[in-house]
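The file input-v1.cif comes next; it holds mmCIF, C-alpha atoms.
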data_entry
#
loop_
_atom_site.label_atom_id
_atom_site.label_comp_id
_atom_site.auth_asym_id
_atom_site.auth_seq_id
_atom_site.Cartn_x
_atom_site.Cartn_y
_atom_site.Cartn_z
CA MET S 1 16.31 -1.81 40.69
CA ARG S 2 18.27 -2.58 37.52
CA ASP S 3 21.79 -1.23 36.98
CA ARG S 4 22.05 2.14 35.29
CA TYR S 5 23.84 1.99 31.94
CA SER S 6 26.87 4.25 31.59
CA ALA S 7 30.34 4.32 30.08
CA LEU S 8 31.74 3.27 33.46
CA ALA S 9 29.28 0.35 33.65
CA LEU S 10 30.33 -0.78 30.16
CA LEU S 11 33.99 -0.62 31.13
CA ARG S 12 33.32 -2.55 34.33
CA GLY S 13 31.34 -5.15 32.38
CA GLY S 14 34.14 -5.58 29.86
CA LEU S 15 36.75 -6.05 32.55
CA THR S 16 34.66 -8.72 34.29
CA GLY S 17 33.82 -10.72 31.17
CA ASN S 18 30.29 -9.25 30.98
CA ARG S 19 29.14 -11.68 33.67
CA GLY S 20 27.62 -9.11 36.00
CA TRP S 21 24.74 -7.81 33.85
CA LYS S 22 21.24 -8.34 35.21
CA PRO S 23 18.20 -9.12 32.99
CA ALA S 24 16.76 -5.95 31.45
CA TRP S 25 13.35 -6.75 32.91
CA ARG S 26 11.74 -9.38 35.11
CA SER S 27 9.44 -12.22 34.04
CA PRO S 28 6.90 -12.18 36.89
CA GLU S 29 3.85 -14.32 37.39
CA PRO S 30 0.61 -12.34 36.96
CA LYS S 31 -0.99 -11.04 40.14
CA PRO S 32 -4.74 -11.51 40.80
CA ALA S 33 -5.47 -7.78 40.39
CA TYR S 34 -3.93 -4.56 39.10
CA ASP S 35 -4.90 -0.90 39.14
CA ALA S 36 -4.39 -0.81 35.37
CA VAL S 37 -3.84 -3.49 32.72
CA ILE S 38 -2.43 -2.68 29.29
CA VAL S 39 -3.04 -5.27 26.58
CA GLY S 40 -0.23 -5.22 24.03
CA GLY S 41 3.50 -5.37 24.73
CA GLY S 42 4.54 -3.28 21.74
CA GLY S 43 5.79 0.28 21.72
CA HIS S 44 2.51 1.97 22.60
CA GLY S 45 1.62 -0.49 25.35
CA LEU S 46 5.02 -0.34 27.04
CA ALA S 47 5.24 3.45 26.66
CA THR S 48 1.80 3.78 28.25
CA ALA S 49 2.85 1.64 31.22
CA TYR S 50 6.07 3.60 31.63
CA TYR S 51 4.30 6.97 31.61
CA LEU S 52 1.57 5.70 33.96
CA ALA S 53 4.32 4.88 36.44
CA SER S 54 6.67 7.81 35.83
CA ARG S 55 4.18 10.64 35.18
CA HIS S 56 1.21 9.54 37.28
CA GLY S 57 2.80 7.55 40.08
CA MET S 58 0.87 4.33 39.47
CA ARG S 59 2.68 1.14 40.46
CA LYS S 60 0.25 -1.79 40.20
CA ILE S 61 0.38 -2.00 36.41
CA ALA S 62 0.57 -5.03 34.14
CA VAL S 63 1.41 -5.24 30.45
CA LEU S 64 0.01 -8.40 28.85
CA GLU S 65 1.68 -9.60 25.66
CA LYS S 66 0.42 -12.59 23.69
CA GLY S 67 3.88 -13.34 22.30
CA TRP S 68 7.19 -11.75 23.24
CA ILE S 69 8.23 -8.14 23.71
CA GLY S 70 8.96 -6.56 20.34
CA GLY S 71 7.52 -9.46 18.34
CA GLY S 72 4.58 -7.52 16.91
CA ASN S 73 4.34 -4.43 14.72
CA THR S 74 7.08 -2.58 16.60
CA GLY S 75 9.55 -5.14 15.33
CA ARG S 76 8.00 -5.23 11.85
CA ASN S 77 8.15 -1.60 10.71
CA THR S 78 10.62 0.50 8.74
CA THR S 79 11.69 2.66 11.72
CA ILE S 80 10.86 6.08 10.24
CA VAL S 81 10.01 9.00 12.52
CA ARG S 82 8.52 12.17 11.03
CA SER S 83 5.83 14.76 11.69
CA ASP S 84 4.95 16.15 8.24
CA TYR S 85 1.18 16.07 8.72
CA TYR S 86 -1.12 18.70 7.26
CA TYR S 87 -3.88 19.32 9.80
CA PRO S 88 -3.09 21.18 13.06
CA GLU S 89 -4.46 18.32 15.18
CA SER S 90 -2.15 15.76 13.57
CA ALA S 91 0.84 18.10 13.40
CA ALA S 92 0.64 18.83 17.13
CA LEU S 93 0.50 15.13 18.07
CA PHE S 94 3.22 13.85 15.74
CA ASP S 95 5.56 16.81 16.26
CA HIS S 96 5.29 16.28 20.02
CA SER S 97 6.29 12.68 19.40
CA VAL S 98 9.40 13.71 17.46
CA THR S 99 10.32 16.03 20.34
CA LEU S 100 9.94 13.19 22.85
CA TYR S 101 12.03 10.89 20.62
CA GLU S 102 14.81 13.47 20.63
CA GLY S 103 15.22 13.15 24.39
CA LEU S 104 14.15 9.53 24.81
CA SER S 105 17.61 7.92 25.04
CA ARG S 106 18.48 10.12 28.00
CA GLU S 107 15.11 9.68 29.70
CA LEU S 108 15.10 5.87 29.40
CA ASN S 109 18.86 5.44 29.95
CA PHE S 110 18.86 3.34 26.79
CA ASN S 111 20.30 4.24 23.38
CA ILE S 112 17.41 4.13 20.90
CA MET S 113 19.78 5.09 18.04
CA PHE S 114 17.72 8.04 16.80
CA SER S 115 19.40 9.23 13.58
CA GLN S 116 17.84 12.50 12.38
CA ARG S 117 19.08 12.10 8.83
CA GLY S 118 16.11 13.91 7.27
CA MET S 119 13.48 12.81 4.79
CA MET S 120 12.91 14.07 1.25
CA THR S 121 9.75 13.39 -0.80
CA THR S 122 9.88 13.99 -4.54
CA ALA S 123 7.22 15.48 -6.82
CA HIS S 124 6.76 14.12 -10.35
CA SER S 125 4.18 16.40 -11.97
CA ARG S 126 3.18 20.03 -11.94
CA GLY S 127 0.04 19.19 -9.97
CA GLU S 128 1.99 17.22 -7.37
CA LEU S 129 4.54 20.04 -7.09
CA ASP S 130 1.78 22.58 -6.42
CA PHE S 131 0.20 20.23 -3.88
CA GLN S 132 3.52 19.84 -2.07
CA ARG S 133 3.90 23.60 -1.83
CA ARG S 134 0.46 23.81 -0.29
CA LEU S 135 1.40 21.11 2.20
CA VAL S 136 4.67 22.83 3.10
CA ASN S 137 2.95 26.18 3.65
CA GLY S 138 0.25 24.57 5.80
CA MET S 139 2.69 22.54 7.86
CA ARG S 140 4.99 25.51 8.45
CA LEU S 141 1.99 27.46 9.74
CA ASN S 142 1.42 24.55 12.14
CA GLY S 143 5.01 24.81 13.38
CA VAL S 144 6.39 21.77 11.54
CA ASP S 145 9.88 22.17 10.07
CA LEU S 146 9.32 21.51 6.37
CA GLU S 147 10.83 23.08 3.28
CA THR S 148 10.47 22.89 -0.48
CA VAL S 149 13.51 21.61 -2.36
CA PRO S 150 14.18 22.88 -5.91
CA LEU S 151 15.18 20.47 -8.64
CA ALA S 152 18.77 21.74 -8.86
CA GLU S 153 19.29 21.05 -5.16
CA ILE S 154 17.79 17.56 -5.47
CA ARG S 155 20.15 16.78 -8.35
CA ARG S 156 23.09 17.92 -6.23
CA ASP S 157 22.16 16.21 -2.95
CA TYR S 158 20.47 13.05 -4.28
CA PRO S 159 22.38 12.14 -7.48
CA TYR S 160 21.35 8.47 -7.27
CA LEU S 161 17.68 9.23 -8.05
CA ASN S 162 16.32 8.69 -11.57
CA PHE S 163 17.08 11.87 -13.52
CA ALA S 164 17.23 10.11 -16.89
CA PRO S 165 15.82 12.18 -19.79
CA ASP S 166 13.40 9.37 -20.64
CA ALA S 167 12.33 8.68 -17.03
CA ARG S 168 8.70 7.61 -16.88
CA TYR S 169 8.13 9.80 -13.83
CA PRO S 170 10.53 12.78 -14.08
CA ILE S 171 11.43 14.52 -10.82
CA LEU S 172 10.42 18.19 -10.75
CA GLY S 173 11.07 19.10 -7.12
CA GLY S 174 10.40 17.94 -3.62
CA MET S 175 9.86 18.70 0.06
CA ARG S 176 12.09 17.86 3.01
CA GLN S 177 11.84 17.56 6.79
CA LYS S 178 15.30 17.74 8.34
CA ARG S 179 14.18 16.62 11.84
CA ALA S 180 12.84 13.34 10.46
CA GLY S 181 14.93 10.22 10.84
CA THR S 182 15.11 6.59 11.84
CA VAL S 183 15.13 4.84 15.21
CA ARG S 184 16.21 1.33 16.10
CA HIS S 185 12.79 -0.30 16.56
CA ASP S 186 13.90 -3.01 18.99
CA ALA S 187 15.69 -0.42 21.12
CA VAL S 188 12.44 1.51 21.60
CA VAL S 189 10.53 -1.43 23.07
CA TRP S 190 13.53 -2.68 25.05
CA GLY S 191 14.15 0.78 26.45
CA TYR S 192 10.53 1.30 27.51
CA ALA S 193 10.29 -2.25 28.89
CA ARG S 194 13.42 -1.83 30.99
CA ALA S 195 12.40 1.61 32.26
CA ALA S 196 8.86 0.45 33.10
CA ASP S 197 10.21 -2.60 34.92
CA ARG S 198 12.47 -0.36 37.02
CA LEU S 199 9.32 1.42 38.19
CA GLY S 200 7.60 -1.82 39.20
CA VAL S 201 5.50 -2.58 36.11
CA ASP S 202 4.84 -6.30 35.58
CA ILE S 203 5.59 -7.26 31.98
CA ILE S 204 3.92 -10.61 31.35
CA GLN S 205 4.81 -12.33 28.09
CA ASN S 206 3.09 -15.34 26.52
CA CYS S 207 -0.17 -14.17 28.08
CA GLU S 208 -3.06 -14.07 25.61
CA VAL S 209 -6.26 -12.22 26.54
CA THR S 210 -9.18 -14.58 25.86
CA GLY S 211 -12.03 -12.54 27.29
CA ILE S 212 -12.92 -9.15 28.75
CA LEU S 213 -15.09 -9.18 31.87
CA ARG S 214 -17.74 -6.58 32.68
CA ASP S 215 -19.69 -5.81 35.83
CA PRO S 216 -23.26 -7.07 35.29
CA MET S 217 -24.74 -4.10 37.16
CA THR S 218 -22.78 -1.16 35.75
CA GLY S 219 -21.39 -2.58 32.51
CA ALA S 220 -17.91 -1.33 33.43
CA VAL S 221 -14.83 -3.46 32.89
CA SER S 222 -13.94 -5.68 35.84
CA GLY S 223 -11.06 -7.74 34.50
CA VAL S 224 -9.73 -10.02 31.78
CA ASP S 225 -9.48 -13.74 31.25
CA THR S 226 -6.08 -14.79 29.95
CA SER S 227 -4.19 -17.94 29.05
CA ARG S 228 -2.47 -17.53 32.42
CA GLY S 229 -5.56 -17.00 34.54
CA ARG S 230 -8.06 -14.30 35.42
CA ILE S 231 -6.83 -10.79 36.27
CA ALA S 232 -9.04 -8.17 37.88
CA THR S 233 -8.80 -4.47 36.95
CA THR S 234 -11.03 -1.43 36.62
CA ARG S 235 -8.84 0.28 34.00
CA LEU S 236 -8.04 -1.57 30.79
CA GLY S 237 -6.01 -0.07 27.96
CA LEU S 238 -6.05 -1.69 24.52
CA ALA S 239 -2.92 -1.10 22.44
CA VAL S 240 -2.94 -4.05 20.05
CA ALA S 241 -2.73 -2.38 16.62
CA GLY S 242 -4.44 -4.44 13.92
CA HIS S 243 -6.19 -6.67 16.46
CA SER S 244 -8.01 -3.80 18.16
CA SER S 245 -11.33 -4.82 16.57
CA VAL S 246 -10.92 -8.34 17.96
CA LEU S 247 -10.44 -7.07 21.51
CA ALA S 248 -13.26 -4.56 21.12
CA GLU S 249 -15.61 -7.38 20.15
CA MET S 250 -14.62 -9.22 23.34
CA ALA S 251 -15.66 -6.11 25.28
CA GLY S 252 -19.00 -5.91 23.47
CA PHE S 253 -18.62 -3.05 20.98
CA ARG S 254 -17.46 -2.47 17.40
CA LEU S 255 -14.81 -0.13 16.06
CA PRO S 256 -14.90 1.75 12.72
CA LEU S 257 -11.59 0.18 11.70
CA ARG S 258 -10.34 -2.29 9.10
CA SER S 259 -7.09 -4.25 9.37
CA TYR S 260 -4.63 -4.65 6.51
CA ALA S 261 -1.21 -6.20 5.97
CA LEU S 262 1.56 -3.64 5.52
CA GLN S 263 4.72 -5.05 3.97
CA ALA S 264 8.36 -4.10 4.42
CA PHE S 265 11.58 -5.31 2.81
CA VAL S 266 15.31 -5.46 3.56
CA THR S 267 18.10 -6.08 1.05
CA GLU S 268 21.55 -7.56 1.45
CA PRO S 269 24.04 -5.25 3.22
CA LEU S 270 25.74 -2.57 1.12
CA LYS S 271 28.43 0.01 1.68
CA PRO S 272 26.95 3.39 2.74
CA VAL S 273 24.97 4.87 -0.14
CA LEU S 274 21.92 6.54 1.42
CA ASP S 275 22.51 9.13 4.14
CA THR S 276 18.85 10.15 4.30
CA ILE S 277 15.32 8.84 3.71
CA VAL S 278 13.88 9.35 0.25
CA SER S 279 10.31 8.69 -0.82
CA SER S 280 7.84 9.17 -3.64
CA SER S 281 4.08 9.17 -3.09
CA LEU S 282 3.43 8.70 -6.79
CA LEU S 283 5.67 5.65 -7.04
CA GLY S 284 4.48 4.34 -3.68
CA ILE S 285 7.99 3.85 -2.30
CA TYR S 286 10.20 5.00 0.57
CA VAL S 287 13.69 3.76 1.37
CA SER S 288 16.50 4.29 3.85
CA GLN S 289 19.69 2.44 4.72
CA SER S 290 20.11 0.75 8.09
CA ASP S 291 23.24 0.84 10.22
CA LYS S 292 23.89 -2.75 9.12
CA GLY S 293 23.94 -1.63 5.47
CA GLY S 294 20.67 -3.12 4.26
CA LEU S 295 18.17 -1.02 2.34
CA VAL S 296 14.92 -0.86 4.31
CA PHE S 297 11.95 0.01 2.13
CA GLY S 298 8.21 -0.31 1.80
CA GLY S 299 5.11 1.17 0.23
CA ASN S 300 1.35 1.06 0.47
CA ALA S 301 -0.67 -1.45 2.46
CA ASP S 302 -2.21 -4.46 0.74
CA PRO S 303 -5.48 -3.47 -0.98
CA TYR S 304 -7.79 -5.77 0.99
CA ALA S 305 -8.45 -6.50 4.67
CA SER S 306 -6.36 -9.37 6.01
CA TYR S 307 -4.58 -10.77 9.06
CA ALA S 308 -2.01 -12.71 6.99
CA GLN S 309 1.47 -11.52 7.92
CA ARG S 310 3.05 -12.91 4.78
CA GLY S 311 1.64 -10.07 2.65
CA ASN S 312 0.33 -9.92 -0.89
CA ILE S 313 2.67 -10.81 -3.81
CA PRO S 314 1.27 -8.23 -6.32
CA THR S 315 1.76 -5.47 -3.75
CA ALA S 316 5.34 -6.63 -3.15
CA GLU S 317 5.93 -6.52 -6.91
CA GLU S 318 4.58 -2.95 -7.10
CA VAL S 319 6.79 -1.77 -4.25
CA ILE S 320 9.95 -3.36 -5.68
CA ALA S 321 9.16 -2.00 -9.16
CA GLY S 322 8.69 1.45 -7.62
CA LEU S 323 12.10 1.25 -5.96
CA VAL S 324 13.82 0.27 -9.22
CA GLU S 325 12.08 3.12 -11.08
CA PHE S 326 13.00 5.56 -8.32
CA ILE S 327 16.66 4.51 -7.97
CA PRO S 328 17.66 2.39 -11.02
CA SER S 329 21.11 1.53 -9.61
CA PHE S 330 19.38 -0.65 -7.00
CA SER S 331 17.96 -3.01 -9.63
CA ARG S 332 20.64 -5.72 -9.14
CA ILE S 333 20.60 -5.74 -5.34
CA ARG S 334 19.34 -8.99 -3.84
CA LEU S 335 16.39 -9.01 -1.46
CA LEU S 336 17.25 -10.50 1.93
CA ARG S 337 13.82 -10.78 3.57
CA GLN S 338 10.22 -9.56 3.49
CA TRP S 339 7.49 -9.43 6.13
CA ALA S 340 4.19 -7.77 6.97
CA GLY S 341 2.57 -6.27 10.05
CA ILE S 342 -1.17 -5.97 10.64
CA VAL S 343 -2.28 -2.34 10.85
CA ASP S 344 -5.74 -0.87 11.37
CA TYR S 345 -7.14 2.12 9.48
CA ALA S 346 -10.06 4.42 10.21
CA GLN S 347 -11.97 6.18 7.43
CA ASP S 348 -9.94 9.37 7.85
CA SER S 349 -6.53 7.68 8.26
CA SER S 350 -6.18 9.16 11.76
CA PRO S 351 -5.84 7.28 15.06
CA VAL S 352 -8.53 6.57 17.63
CA LEU S 353 -7.46 7.62 21.13
CA GLY S 354 -9.47 7.93 24.32
CA ARG S 355 -12.47 6.40 26.03
CA SER S 356 -14.49 3.52 24.60
CA PRO S 357 -18.25 2.86 24.96
CA VAL S 358 -17.42 0.54 27.89
CA PRO S 359 -16.55 2.37 31.13
CA GLY S 360 -12.97 1.67 32.12
CA VAL S 361 -11.86 0.47 28.67
CA PHE S 362 -9.57 2.88 26.79
CA LEU S 363 -8.46 2.82 23.15
CA ASN S 364 -5.14 3.38 21.42
CA CYS S 365 -5.62 2.19 17.84
CA GLY S 366 -6.23 3.14 14.21
CA TRP S 367 -2.66 4.30 13.56
CA GLY S 368 -2.51 2.71 10.11
CA GLY S 369 1.11 2.74 9.03
CA GLY S 370 2.08 5.59 11.36
CA GLY S 371 2.03 4.02 14.79
CA PHE S 372 5.78 3.66 15.29
CA LYS S 373 6.55 7.34 14.84
CA ALA S 374 3.88 8.18 17.42
CA ILE S 375 4.97 5.79 20.20
CA PRO S 376 6.21 8.36 22.76
CA ALA S 377 3.31 10.79 22.27
CA GLY S 378 0.78 7.97 21.97
CA GLY S 379 1.98 6.38 25.20
CA GLU S 380 2.18 9.66 27.12
CA THR S 381 -1.30 10.84 26.11
CA PHE S 382 -2.84 7.39 26.56
CA ALA S 383 -1.40 7.17 30.06
CA HIS S 384 -2.96 10.54 30.88
CA THR S 385 -6.37 9.30 29.73
CA ILE S 386 -6.16 6.04 31.69
CA ALA S 387 -4.89 7.74 34.86
CA THR S 388 -7.34 10.67 34.88
CA GLY S 389 -10.30 9.32 32.91
CA ASP S 390 -10.21 12.41 30.68
CA PRO S 391 -8.67 12.74 27.22
CA HIS S 392 -5.34 14.47 26.88
CA PRO S 393 -5.65 17.87 25.10
CA LEU S 394 -3.63 16.53 22.15
CA THR S 395 -6.01 13.58 21.67
CA VAL S 396 -9.39 15.28 22.01
CA PRO S 397 -9.78 15.51 18.17
CA PHE S 398 -9.08 11.76 17.84
CA SER S 399 -11.87 10.37 20.01
CA LEU S 400 -14.52 7.94 18.76
CA ASP S 401 -17.03 10.80 18.97
CA ARG S 402 -15.62 12.35 15.80
CA PHE S 403 -17.28 9.70 13.65
CA ARG S 404 -20.70 10.48 15.11
CA GLU S 405 -20.12 14.24 14.89
CA LEU S 406 -18.49 14.02 11.41
CA ALA S 407 -15.49 15.94 12.75
CA LEU S 408 -12.97 13.80 10.85
CA VAL S 409 -9.25 14.58 10.65
CA ASP S 410 -8.73 13.45 7.08
CA GLU S 411 -4.99 12.83 6.71
CA ALA S 412 -5.27 10.33 3.85
CA ALA S 413 -3.61 12.69 1.36
CA ALA S 414 -1.11 14.55 3.52
CA ALA S 415 0.06 11.40 5.29
CA GLY S 416 1.21 9.99 1.95
CA ILE S 417 2.25 6.37 1.77
CA ALA S 418 2.57 4.37 4.96
CA HIS S 419 5.89 4.54 6.82
#
Go ahead and render the structure in this file as structure tokens.
Amino acid sequence: MRDRYSALALLRGGLTGNRGWKPAWRSPEPKPAYDAVIVGGGGHGLATAYYLASRHGMRKIAVLEKGWIGGGNTGRNTTIVRSDYYYPESAALFDHSVTLYEGLSRELNFNIMFSQRGMMTTAHSRGELDFQRRLVNGMRLNGVDLETVPLAEIRRDYPYLNFAPDARYPILGGMRQKRAGTVRHDAVVWGYARAADRLGVDIIQNCEVTGILRDPMTGAVSGVDTSRGRIATTRLGLAVAGHSSVLAEMAGFRLPLRSYALQAFVTEPLKPVLDTIVSSSLLGIYVSQSDKGGLVFGGNADPYASYAQRGNIPTAEEVIAGLVEFIPSFSRIRLLRQWAGIVDYAQDSSPVLGRSPVPGVFLNCGWGGGGFKAIPAGGETFAHTIATGDPHPLTVPFSLDRFRELALVDEAAAAGIAH
């Protein structure tokens, strides 16, 4: 059992030269067999393992990570949490995730630094303004806290935006979600990893899955081959983001997904200038300021399928140009670094959650650019499916069956640009 973090523990650690802290989680050798194996040591994989142990009482669980904890998409995103989705199915899932985020620091005994600073999205044409009003009305009917923001209020609260008379894309209004905010991405995976480890979950890093084994008689999953040996299991959860199609092919089926590079950027540190998140779908830009002072921003995914984490230069140029058009005073700020994560998209821009065609293999994928904001809800519902064999009520609309039944949840427009 790891020490519980508290103010008293911090004081004790300071008085003893911080020599008494134990590792946040163990580095065990893999066992020959587990009741459940989760592939992917990112936010969704670790959250799933934690909820399997805490909600469903499972103990023989392993999380297999090819690299290191937090080295994948969870450490490569722009940390935004929101739930402004149009359709009831999406609104219920993402709003539940925001609710879980609000209590996550206390539940995990780990400060995830959730800052509910709000998010405002501008409208630049009469048509876009009307569309935003439709979105706001629909989302409010679904129970999501969203509001329209008149131009005068935007001028007052966001004076740094481009209100020049000759602006190429004049701002006419906007919409705002006050419960939206940012979370320290590393803290999410560290918090879930530590909490899962306290419950006996084996977190195995530097363990690449090289094959998925199936029973020759029933076709059900029987285990995985890894770079650290063979591991037997009858319940296998795949939470590997953009590499979901690769793992599915190992199991013998195909997914209706395509993987793209999604870029993000950080500037040199500045004094506090942004106390909220601002975005523009038309300009393809969103930006916030981190606690360290850097501007964290991004835009749309690269326009072609790729596994290259360096990203596409023309897309980077479009995103940076959008930021300068949106907030001209940022034009002289120097870029500190740029990176890309590999995300997978379905045709309707909604996730795929639930059972796969292979008995015992379960799917958590297709999040596009919205996986980070859904980590708590994605992990909780995925754990329910793995533990019970049945989909969670929140994830029933997001099963693979929807593509055969043409019951798509088309969030491509309401989801806006990737965050």
Any chance you could resolve the PyMOL selection byres ((chain S and resi 334) around 7) against this file and give the residues as a ChimeraX atom specification? /S:267-268,332-333,335-336
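Considering only C-alpha atoms, the residue among S:Ile342, S:Ala232, S:Leu161, S:Val246 positioned nearest to S:Val273 is S:Leu161.
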Could you write out as a PyMOL selection string the residues that the PyMOL selection byres ((chain S and resi 346-351) around 10) matches in the shown file? chain S and resi 89-90+255-259+344-345+352-354+363-371+378+395+397-400+403+407-415
List every residue of stretch 342-383 of chain S that has an atom at most 10 Å from any atom of stretch 201-222 of chain S, and for each one report the closest atom pair and its distance in Å to one decimal, counting all atoms listed in the file, with rows sorted by chain and then by increasing residue number, as JSON lines.
{"residue": "S:Pro357", "atom": "CA", "partner": "S:Ala220", "partner_atom": "CA", "distance": 9.5}
{"residue": "S:Val358", "atom": "CA", "partner": "S:Ala220", "partner_atom": "CA", "distance": 5.9}
{"residue": "S:Pro359", "atom": "CA", "partner": "S:Ala220", "partner_atom": "CA", "distance": 4.6}
{"residue": "S:Gly360", "atom": "CA", "partner": "S:Val221", "partner_atom": "CA", "distance": 5.5}
{"residue": "S:Val361", "atom": "CA", "partner": "S:Val221", "partner_atom": "CA", "distance": 6.5}
Determine, counting all atoms listed in the file, which protein, DNA and RNA residues have an atom within 8 Å of an atom of S:Arg117; residues of the same chain fewer than 3 positions away are not included. Present the result as an mmCIF file with C-alpha atoms, in the frame of the given file.
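File result38.cif, as written:
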data_model
loop_
_atom_site.group_PDB
_atom_site.id
_atom_site.type_symbol
_atom_site.label_atom_id
_atom_site.label_comp_id
_atom_site.auth_asym_id
_atom_site.auth_seq_id
_atom_site.Cartn_x
_atom_site.Cartn_y
_atom_site.Cartn_z
ATOM 1 C CA LYS S 178 15.300 17.740 8.340
ATOM 2 C CA ARG S 179 14.180 16.620 11.840
ATOM 3 C CA ALA S 180 12.840 13.340 10.460
ATOM 4 C CA GLY S 181 14.930 10.220 10.840
ATOM 5 C CA THR S 182 15.110 6.590 11.840
ATOM 6 C CA ASP S 275 22.510 9.130 4.140
ATOM 7 C CA THR S 276 18.850 10.150 4.300
ATOM 8 C CA ILE S 277 15.320 8.840 3.710
#
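Surrounding stretch 308-311 of chain S within 10 Å are Arg76, Tyr260, Ala261, Leu262, Gln263, Ala264, Ala301, Asp302, Thr315, Ala316, Gln338, Trp339, Ala340, Gly341 and Ile342 of chain S, with only C-alpha atoms counted and residues fewer than 4 positions along the same chain left out.
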Let me see the file: selected residues, C-alpha atoms, as a JSON list (two decimals), keeping the file's coordinate frame.
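And here is the file that came out, result.json:
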[["chain", "number", "residue", "atom", "x", "y", "z"],
["S", 76, "ARG", "CA", 8.00, -5.23, 11.85],
["S", 260, "TYR", "CA", -4.63, -4.65, 6.51],
["S", 261, "ALA", "CA", -1.21, -6.20, 5.97],
["S", 262, "LEU", "CA", 1.56, -3.64, 5.52],
["S", 263, "GLN", "CA", 4.72, -5.05, 3.97],
["S", 264, "ALA", "CA", 8.36, -4.10, 4.42],
["S", 301, "ALA", "CA", -0.67, -1.45, 2.46],
["S", 302, "ASP", "CA", -2.21, -4.46, 0.74],
["S", 315, "THR", "CA", 1.76, -5.47, -3.75],
["S", 316, "ALA", "CA", 5.34, -6.63, -3.15],
["S", 338, "GLN", "CA", 10.22, -9.56, 3.49],
["S", 339, "TRP", "CA", 7.49, -9.43, 6.13],
["S", 340, "ALA", "CA", 4.19, -7.77, 6.97],
["S", 341, "GLY", "CA", 2.57, -6.27, 10.05],
["S", 342, "ILE", "CA", -1.17, -5.97, 10.64]]
Mind pulling up the distance from atom CA of S:Ala321 to atom CA of S:Leu283? 8.7 Å
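Comparing the minimum interatomic distances between S:Pro32 and each of S:Gly70, S:Gly229, S:Pro170, S:Pro391, counting all atoms listed in the file, we find that S:Gly229 sits nearest.
For S:Leu323, the residues within 10 Å (counting only C-alpha atoms, excluding itself and residues fewer than 5 positions away along the chain) are Leu161, Ser279, Ser280, Leu283, Gly284, Ile285, Tyr286, Val287, Phe297, Gly298, Gly299, Glu317, Glu318, Pro328, Ser329, Phe330 and Ser331 of chain S.
Take atom CA of S:Arg134 and atom CA of S:Met119: the distance between them is 17.8 Å.
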Given the point (21.8, 2.1, 6.1) in the coordinates of this file, which residues lie within 10 Å, counting only C-alpha atoms, and how would they look as number ranges by chain? S: 182, 269-277, 287-296
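The space separating atom CA of S:Thr121 from atom CA of S:Gly174 comes to 5.4 Å.
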Between S:Arg155, S:Arg12, S:Arg355, S:Arg235, which residue has the minimum interatomic distance to S:Ile61, considering all atoms listed in the file? S:Arg235
